[in-house]
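**Student:** Structure provided below as structure tokens; questions to follow.
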Amino acid sequence: MNQSEEIHDSSLSTDVSCLEQSLSRINFGTCKHIHDLPYSILLKIFSYLTVEDRVLDACLVSKYWYQICFDGKFWQKIDFEDRKAVSDDILEKSARHSDNVTNLSLLDCGSTLVTPKGIIRFSELCPNLQELDLKNAMQGHVGDDAIDVIASNCTKLRHLNVDTHQLTDEALKSFAKHLPDLEHLNINQNRTITDDGVIPLVKHCKKLKELIMSQIPGVTGKSITALGEREKKNPVMEKLNIAITGVVSKDIIPLKYVTNLTFLDLTRCRGLCYEHLVHVLTSCRKLKIFHATSVDLFDDKCVELAVKNLKNLGFVYFGSMKITDVGMDYLAKYGKNLYKINVPYTGVTHKGAENVCKNLPKLRHVGMTRCDSADEDELELLVQRYPHISFSTFRQDAKRMLMRAGKWHEDEVGIVTKELIMQKLCGSPPPPRRKPRRLIGTGGKIEYITIKM
């Protein structure tokens, strides 16, 4: 388990002033042992501990401490992210620890022991579930039938991630029917979904403010039109990802009504051009993050349009497009809130990179992978001159890869050259990777296990 499993319930707030106020009402003259403190105070104290501290050490002190450590209020948010050993049985036992589980994350578990039946059983035991993350939760897929049961059991769901589960329009119709409070939905890579599922979802889930649906070719301008019609009356949508869908340039015009957008991804929107983009970027002025990668007609003029109209813009990803140093000049002049700029596979040179580094005080990252017009030696000089900014270039990316492999130490500084990279690659093999594992009942002692490569 990790720190994200820490309790967030307001009744167990670890706010110092709140705890001091509670303690001020206790007569410590009569308290000779920690067990003399009220149970509610002990819960507050134990909430300072990490989950590992509670379940691997503190719970072993006594039966009373075990009871405190496994109190249901500590198990309202269950995070099994990247836990390969999770099973249906563990899910059910976790659900029974609390009568008010609100969050479950199975992100990247990839477990062979988790099945749709297990998740359905969990949903039966946790009708108050509000957040559910099933991305890469199991070796197989959840499927429409299981999703329908889960949605009908947990009608209070607000956050749902069902990325890559081979869902169809029937699943979205189920969401539209059972989840009126749904606010955040990720349906990426469910490639059989079409407008027939998205349109009822948009119409009936009126609180939906984040919709991530990239790599779904069946989503077209019909869905965007339905979204625009909804937003005319009550604009709530804040994040929209329609990358690599069936949406073409003229289809984005209704997005001018989605005026609360802060995030928009139009990657590979076919034919995206200034003529249609102007409707969106002059209306959606709250945009902070804008991606428009791999669009042939997106050029420096489009960059100017974006950065002049979007004063809150903080992160742009303009890759594989007809952008040059002229576009970087616009970013440097008008993008005073930019903290991250990615322009890989473009015509930008080291001079354009230097301009944004020099003029944007909030800038912390510049991505220039395969900007072949840039001088690599000059980019390395920029790395040295602006240490507060991370750069993504061939040499810097190679250095980070070698650091992860244990062939480059963090304390090695200086100019990165191709010769140095090759020397590191051809040198002695990296030391074996070792994974830390906490020992039970030792107060936090760690042992390291060698990982087989």
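Residues are named by chain letter and number: chains run A, B, ... in the order of the structure tokens, numbers start at 1 in each chain, and ligands are numbered from 1 in the order shown.
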Mind checking which residues fall within 12 Å of segment 253-261 of chain A, counting only C-alpha atoms, ignoring those fewer than 2 positions away in the same chain, and posting them as a PyMOL selection string?

**Tutor:** chain A and resi 209-211+221-242+247-251+263-266+272-290+310+312-313

**Student:** DSSP on the backbone, alpha helix (DSSP H) only: what residues of segment 51-195 of chain A does that give? Format it as a PyMOL selection string.

**Tutor:** chain A and resi 51-56+63-69+88-96+116-125+144-153+169-178+195

**Student:** Given the choices A:Glu354, A:Arg191, A:Leu297, A:Gly335, which gets closest to Gly246 of chain A if the distance is worked out from only C-alpha atoms?

**Tutor:**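 So, comparing all the options, the nearest one is A:Arg191.
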
**Student:** Name the residues of segment 109-168 of chain A that fall into strand (DSSP E or B) according to DSSP on the backbone, using the chain letters and numbers of this document, as a VMD selection string.

**Tutor:** chain A and resid 111 131 to 133 138 159 to 161

**Student:** If you keep N, CA and C atoms, can you produce a file of those selected residues as a CSV table (one decimal), in the first residue's frame?

**Tutor:**
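In the end it all went to result-v3.csv:
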chain,number,residue,atom,x,y,z
A,111,SER,N,-3.8,-8.0,-12.5
A,111,SER,CA,-3.9,-9.3,-11.7
A,111,SER,C,-4.7,-10.3,-12.5
A,131,GLU,N,-15.6,6.7,-6.4
A,131,GLU,CA,-14.5,6.7,-7.4
A,131,GLU,C,-14.0,5.3,-7.6
A,132,LEU,N,-13.9,4.9,-8.9
A,132,LEU,CA,-13.5,3.6,-9.3
A,132,LEU,C,-12.6,3.6,-10.5
A,133,ASP,N,-11.4,3.1,-10.3
A,133,ASP,CA,-10.3,3.1,-11.4
A,133,ASP,C,-10.0,1.7,-11.7
A,138,MET,N,-7.0,-6.0,-14.5
A,138,MET,CA,-6.9,-7.4,-14.6
A,138,MET,C,-6.4,-7.8,-16.0
A,159,HIS,N,-16.3,9.5,-10.3
A,159,HIS,CA,-15.1,9.3,-11.0
A,159,HIS,C,-15.1,7.8,-11.5
A,160,LEU,N,-14.9,7.6,-12.8
A,160,LEU,CA,-14.8,6.3,-13.3
A,160,LEU,C,-13.8,6.2,-14.5
A,161,ASN,N,-12.9,5.2,-14.3
A,161,ASN,CA,-11.8,5.0,-15.3
A,161,ASN,C,-12.0,3.6,-15.8

**Student:** At a cut-off of 12 Å, using only C-alpha atoms, what residues contact Leu125 of chain A? Leave out same-chain residues fewer than 4 positions from it and give the result as a list in words.

**Tutor:**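 The residues that qualify are Leu91, Glu92, Lys93, Ser94, Ala95, Arg96, His97, Ser98, Asp99, Asn100, Val101, Thr102, Gly118, Ile119, Ile120, Arg121, Leu129, Ile150, Asn153 and Cys154 of chain A.
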
**Student:** For Asp145 of chain A, work out the shell of residues within 12 Å, counting only C-alpha atoms and skipping chain neighbours fewer than 2 positions away, then give it as a PyMOL selection string.

**Tutor:** chain A and resi 116-117+120+141-143+147-152+165-174

**Student:** I want to know what sits within 9 Å of segment 380-396 of chain A, based on only C-alpha atoms, with residues of the same chain fewer than 2 positions away left out; could you give that as a CSV table (one decimal) with N, CA and C atoms, in the first residue's frame?

**Tutor:**
chain,number,residue,atom,x,y,z
A,342,ASN,N,6.3,21.6,-25.2
A,342,ASN,CA,6.7,20.5,-26.0
A,342,ASN,C,6.5,20.7,-27.5
A,344,PRO,N,8.3,18.6,-30.1
A,344,PRO,CA,9.1,17.6,-30.8
A,344,PRO,C,8.8,17.5,-32.3
A,350,HIS,N,17.6,25.7,-31.7
A,350,HIS,CA,18.1,26.1,-30.4
A,350,HIS,C,17.9,27.6,-30.1
A,353,ALA,N,14.4,27.8,-28.7
A,353,ALA,CA,14.4,27.3,-27.3
A,353,ALA,C,15.1,28.4,-26.4
A,354,GLU,N,16.1,29.0,-26.8
A,354,GLU,CA,16.8,30.0,-25.9
A,354,GLU,C,15.9,31.2,-25.7
A,357,CYS,N,13.3,30.3,-23.0
A,357,CYS,CA,14.0,30.1,-21.7
A,357,CYS,C,14.3,31.5,-21.1
A,358,LYS,N,14.7,32.4,-21.9
A,358,LYS,CA,15.1,33.7,-21.5
A,358,LYS,C,13.9,34.6,-21.0
A,363,LEU,N,8.8,29.0,-16.8
A,363,LEU,CA,9.1,27.8,-17.6
A,363,LEU,C,9.9,26.8,-16.9
A,364,ARG,N,9.5,25.5,-16.9
A,364,ARG,CA,10.2,24.5,-16.2
A,364,ARG,C,10.6,23.3,-17.1
A,365,HIS,N,10.0,23.3,-18.3
A,365,HIS,CA,10.3,22.1,-19.2
A,365,HIS,C,10.2,22.6,-20.6
A,366,VAL,N,11.2,22.1,-21.4
A,366,VAL,CA,11.2,22.4,-22.9
A,366,VAL,C,11.4,21.0,-23.6
A,367,GLY,N,10.5,20.5,-24.4
A,367,GLY,CA,10.6,19.3,-25.1
A,367,GLY,C,11.0,19.5,-26.5
A,368,MET,N,12.2,19.0,-26.9
A,368,MET,CA,12.6,19.2,-28.3
A,368,MET,C,13.2,18.0,-28.9
A,369,THR,N,12.6,16.8,-28.6
A,369,THR,CA,13.0,15.6,-29.2
A,369,THR,C,12.9,15.6,-30.7
A,370,ARG,N,14.0,15.2,-31.4
A,370,ARG,CA,14.0,15.2,-32.9
A,370,ARG,C,13.7,16.5,-33.5
A,371,CYS,N,14.1,17.6,-32.9
A,371,CYS,CA,14.1,18.9,-33.6
A,371,CYS,C,15.4,19.0,-34.4
A,375,ASP,N,20.9,22.8,-33.1
A,375,ASP,CA,22.2,22.4,-32.9
A,375,ASP,C,22.3,21.7,-31.5
A,376,GLU,N,22.7,20.4,-31.4
A,376,GLU,CA,22.6,19.7,-30.2
A,376,GLU,C,23.6,20.2,-29.2
A,377,ASP,N,24.8,20.7,-29.6
A,377,ASP,CA,25.8,21.3,-28.7
A,377,ASP,C,25.2,22.6,-28.1
A,378,GLU,N,24.5,23.4,-28.9
A,378,GLU,CA,23.9,24.6,-28.3
A,378,GLU,C,22.8,24.3,-27.3
A,398,ALA,N,18.7,10.3,-23.3
A,398,ALA,CA,19.6,9.2,-23.2
A,398,ALA,C,20.2,9.1,-21.8
A,399,LYS,N,20.6,10.3,-21.3
A,399,LYS,CA,21.2,10.4,-19.9
A,399,LYS,C,20.2,9.9,-18.9
A,400,ARG,N,18.9,10.3,-19.0
A,400,ARG,CA,17.9,9.8,-18.0
A,400,ARG,C,17.7,8.3,-18.1
A,401,MET,N,17.8,7.8,-19.3
A,401,MET,CA,17.6,6.3,-19.5
A,401,MET,C,18.8,5.6,-18.8
A,414,GLY,N,27.9,18.3,-16.1
A,414,GLY,CA,28.7,18.7,-17.3
A,414,GLY,C,28.0,18.4,-18.6
A,415,ILE,N,28.6,18.8,-19.7
A,415,ILE,CA,28.1,18.7,-21.0
A,415,ILE,C,27.9,17.2,-21.4
A,416,VAL,N,26.8,16.8,-21.9
A,416,VAL,CA,26.5,15.5,-22.3
A,416,VAL,C,26.8,15.4,-23.8
A,417,THR,N,27.8,14.5,-24.2
A,417,THR,CA,28.1,14.4,-25.6
A,417,THR,C,27.7,13.0,-26.1
A,418,LYS,N,27.7,12.8,-27.4
A,418,LYS,CA,27.4,11.5,-28.0
A,418,LYS,C,28.5,10.5,-27.6
A,421,ILE,N,27.8,9.3,-24.1
A,421,ILE,CA,26.7,8.3,-24.1
A,421,ILE,C,27.1,7.0,-24.5

**Student:** Counting only C-alpha atoms, what is within 10 Å of Ile440 of chain A, bar same-chain residues fewer than 5 positions away, as a PyMOL selection string?

**Tutor:** chain A and resi 52-53+55-57+60+445-446

**Student:** For atom CA of Pro38 of chain A and atom CA of Gln76 of chain A, determine how far apart the two atoms are, in Å to one decimal place.

**Tutor:**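 Separation between atom CA of Pro38 of chain A and atom CA of Gln76 of chain A: 21.6 Å.
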
**Student:** Report, in Å to a single decimal, how far apart atom CA of Ile216 of chain A and atom CA of Asn188 of chain A are.

**Tutor:**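 Interatomic distance, atom CA of Asn188 of chain A to atom CA of Ile216 of chain A: 7.1 Å.
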
**Student:** Atom CA of Lys351 of chain A and atom CA of Asp329 of chain A are how many Å apart?

**Tutor:** 9.6 Å

**Student:** Which one of A:Ile187, A:Ala137, A:Leu179, A:Met328 sits closest to Lys156 of chain A if you count only C-alpha atoms?

**Tutor:**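 Using only C-alpha atoms, Lys156 of chain A sits closest to A:Leu179.
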
**Student:** Between A:Val303, A:Leu331, A:Leu420, A:Val295, which one has atoms that come closest to Tyr345 of chain A, using only C-alpha atoms?

**Tutor:**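 Comparing A:Val303, A:Leu331, A:Leu420, A:Val295 against Tyr345 of chain A, the winner is A:Val295.
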